[in-house]
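Peer 1: Structure incoming, see below.
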Amino acid sequence: MKTPRFETRKKRKRLKMRYLAILFVFLFATGFFIGKTYSVSEPSATLGTIKKGELPIPKLVAPIIINPVEKESVVEKHKVDHSDLEEKPVGKVVYLTFDDGPSRLTNQFLDVLSENDVLATFFMQGSNLKKEILQDSVRRAVKEDHYVGGHSMTHNYKTLYTNQQFVPEMKETLNLIHEITGTTPHLVRPPYGSAPGLQNEKIRQQLENEGIKIWDWTIDSNDWKLRGKPSQIIENIKGGTTRDREVVLMHEKPQTLAALPEIIQFYKEQGYKFGVYDDEHHFVLNFQNDDAL
Ligand SMILES: [Zn+2]
């Protein structure tokens with residue numbers, strides 16, 4: 001049983017709640033309307049092309065207006081991007097990698113890759129990147145969605161590892177690539193591989209501090225020393241292919257160019273997809289087993 005006095009108090013409370021709800025809806029609707037008007041009129045106001053009869057809304061209103069429609073669409077966009085990032089490749093993937101370019105053969109490598117609809121990862125060397133005549137092929141590689149990473153300036157073992165110029169040289173190389181192509185790569189391939197050269201923890205710490213990643217390989221084609229023997233390069237690669245994810249070390253050499261169509265054919269027959277390095281989806285691949293790189 002409720003007393004009449006209690007009833008009245010409850011009634012009053014209910015009325016108060018209703019009033020607040022109406023006030024809230026009114027404020028919300030007004031804010032939304034002004035927000036809409038403001039967001040539409042802003043670009044023309046900034047450009048100073050206000051048409052007759054249109055009045056710019058004072059800037060002061062802007063920060064306190066929350067436009068629920070716009071906010072929601074931003075959240076939605078992030079959601080979509082996020083799910084894209086989490087998508088992992090399935091099945092067998094091979095990464096074809098070419099070191100020591102750019103060279104007079106780079107365009108021909110790009111032709112073969114394009115004819116076969118395949119992407120690759122290039123590790124280019126500073127002394128070659130500086131040659132203006134080769135820079136168009138570097139830009140072409142990027143334009144055709146290949147990855148161009150660094151491979152040092154000098155390629156000299158003593159300078160890079162004994163004299164610890166690895167990081168300064170890689171930074172210089174990556175900057176050169178940026179100047180030529182506009183991309184900002186973070187991946188480099190250590191000349192001669194990261195073992196034994198990068199046993200030095202100090203250099204590896206410098207790499208980590210600079211946000212530079214390194215990639216060795218899973219298959220060494222030994223192509224650089226097989227001049228005139230493309231079939232041997234193909235055999236080396238076929239023999240080395242055992243994993244679901246392979247990273248093949250090759251160089252911009254004539255014998256490699258000659259072998260490339262058959263190498264691509266082999267991986268297609270084996271059911272591999274062709275991966276290209278992506279800074280956003282890095283995976284660890286170094287002989288030092290350093291997870292930070
Ligand atoms: Zn090299």
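The way I read the labels, and the way they are meant: chains A, B, ... in the order of the structure tokens, residue 1 as the first residue of every chain, and ligand 1 as the first ligand shown, with later ones counted on from there.
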Please return as a list in words the residues found within 10 Å of ligand 1, counting only C-alpha atoms and all ligand atoms.

Peer 2: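 Every residue with an atom at most 10 Å from ligand 1 is listed here: Phe98, Asp99, Asp100, Gly101, Phe123, Met124, Gln125, His151, Ser152, Thr154, His155, Asn156, Arg189, Pro190, Pro191, Tyr192, Gly193, Trp224, Leu249, Met250, His251 and Glu252 of chain A.
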
Peer 1: Compare A:Thr106, A:Asp216, A:Tyr161, A:Ile263 by their minimum atom-to-atom distance to Asn236 in chain A, counting only C-alpha atoms, and give me the closest one.

Peer 2: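 When distances to Asn236 in chain A are compared using only C-alpha atoms, the smallest one comes from A:Ile263.
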
Peer 1: Excluding same-chain residues fewer than 3 positions from Leu129 in chain A, what lies within 10 Å of it counting only C-alpha atoms, as a list in words?

Peer 2: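 Close residues of Leu129 in chain A: Asp100, Gly101, Pro102, Ser103, Met124, Gln125, Gly126, Glu132, Ile133, Leu134, Gln135, Ser137, Val138, Gly150, Met153, Thr173, Leu176, Ile177 and Ile180 of chain A.
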
Peer 1: Let me see the file: selected residues, N, CA and C atoms, as an mmCIF file, in the first residue's frame.

Peer 2:
data_model
loop_
_atom_site.group_PDB
_atom_site.id
_atom_site.type_symbol
_atom_site.label_atom_id
_atom_site.label_comp_id
_atom_site.auth_asym_id
_atom_site.auth_seq_id
_atom_site.Cartn_x
_atom_site.Cartn_y
_atom_site.Cartn_z
ATOM 1 N N ASP A 100 71.445 -6.010 -54.429
ATOM 2 C CA ASP A 100 72.551 -5.305 -55.099
ATOM 3 C C ASP A 100 72.134 -4.331 -56.205
ATOM 4 N N GLY A 101 70.846 -4.174 -56.452
ATOM 5 C CA GLY A 101 70.426 -3.205 -57.460
ATOM 6 C C GLY A 101 70.467 -1.794 -56.915
ATOM 7 N N PRO A 102 69.962 -0.815 -57.647
ATOM 8 C CA PRO A 102 69.473 -0.990 -59.013
ATOM 9 C C PRO A 102 70.637 -1.240 -59.971
ATOM 10 N N SER A 103 70.308 -1.848 -61.109
ATOM 11 C CA SER A 103 71.339 -2.173 -62.093
ATOM 12 C C SER A 103 70.777 -1.927 -63.482
ATOM 13 N N MET A 124 68.297 -2.554 -52.269
ATOM 14 C CA MET A 124 69.174 -1.797 -53.155
ATOM 15 C C MET A 124 70.315 -1.125 -52.416
ATOM 16 N N GLN A 125 71.389 -0.935 -53.173
ATOM 17 C CA GLN A 125 72.652 -0.474 -52.608
ATOM 18 C C GLN A 125 72.883 0.990 -52.940
ATOM 19 N N GLY A 126 73.339 1.747 -51.929
ATOM 20 C CA GLY A 126 73.473 3.187 -52.054
ATOM 21 C C GLY A 126 74.305 3.660 -53.232
ATOM 22 N N GLU A 132 72.055 8.419 -61.347
ATOM 23 C CA GLU A 132 70.794 8.997 -61.811
ATOM 24 C C GLU A 132 70.129 8.189 -62.917
ATOM 25 N N ILE A 133 70.964 7.603 -63.780
ATOM 26 C CA ILE A 133 70.433 6.858 -64.926
ATOM 27 C C ILE A 133 69.608 5.635 -64.496
ATOM 28 N N LEU A 134 69.854 5.173 -63.252
ATOM 29 C CA LEU A 134 69.130 3.992 -62.760
ATOM 30 C C LEU A 134 67.900 4.346 -61.919
ATOM 31 N N GLN A 135 67.748 5.616 -61.604
ATOM 32 C CA GLN A 135 66.710 5.989 -60.633
ATOM 33 C C GLN A 135 65.280 5.830 -61.155
ATOM 34 N N SER A 137 64.210 3.340 -62.832
ATOM 35 C CA SER A 137 63.814 1.942 -62.606
ATOM 36 C C SER A 137 63.441 1.709 -61.139
ATOM 37 N N VAL A 138 64.053 2.481 -60.231
ATOM 38 C CA VAL A 138 63.708 2.370 -58.803
ATOM 39 C C VAL A 138 62.290 2.889 -58.586
ATOM 40 N N GLY A 150 66.726 -1.366 -48.115
ATOM 41 C CA GLY A 150 68.133 -0.977 -48.170
ATOM 42 C C GLY A 150 69.107 -2.144 -48.108
ATOM 43 N N MET A 153 75.480 1.262 -48.110
ATOM 44 C CA MET A 153 76.092 2.156 -49.097
ATOM 45 C C MET A 153 77.294 1.480 -49.755
ATOM 46 N N THR A 173 71.160 4.861 -46.805
ATOM 47 C CA THR A 173 70.544 4.170 -47.948
ATOM 48 C C THR A 173 69.025 4.344 -47.954
ATOM 49 N N LEU A 176 68.102 7.737 -49.076
ATOM 50 C CA LEU A 176 68.232 7.854 -50.530
ATOM 51 C C LEU A 176 67.002 7.296 -51.232
ATOM 52 N N ILE A 177 66.539 6.138 -50.769
ATOM 53 C CA ILE A 177 65.344 5.519 -51.365
ATOM 54 C C ILE A 177 64.159 6.456 -51.193
ATOM 55 N N ILE A 180 64.348 9.307 -53.653
ATOM 56 C CA ILE A 180 64.085 8.916 -55.041
ATOM 57 C C ILE A 180 62.619 8.543 -55.263
#

Peer 1: Which is closest to Trp217 in chain A among A:Gly240, A:Gly91, A:Gly197, A:Pro230, if we use only C-alpha atoms?

Peer 2: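 Selected residue with least distance to Trp217 in chain A: A:Gly240.
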
Peer 1: Taking into account only C-alpha atoms, which residue in the set A:Asn286, A:Thr181, A:Glu208, A:Thr97 is nearest to Ser221 in chain A?

Peer 2: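 Counting only C-alpha atoms, the residue closest to Ser221 in chain A is A:Thr97.
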
Peer 1: Write down as a list in words the residues of range 245-291 of chain A whose backbone DSSP state falls under strand (DSSP E).

Peer 2: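 The strand (DSSP E) subset of range 245-291 of chain A is Arg245, Glu246, Val247, Val248, Leu249, Met250, His251, Lys273 and Phe274 of chain A.
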
Peer 1: Taking only C-alpha atoms into account, name the residue in A:Leu260, A:Lys213, A:Ile233, A:Gln255 that is nearest to Asp111 in chain A.

Peer 2: A:Leu260

Peer 1: Which one of A:Leu96, A:Ile264, A:Val118, A:Ala292 sits closest to Gly211 in chain A if you count only C-alpha atoms?

Peer 2: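 The answer is A:Ala292, which sits nearest to Gly211 in chain A.
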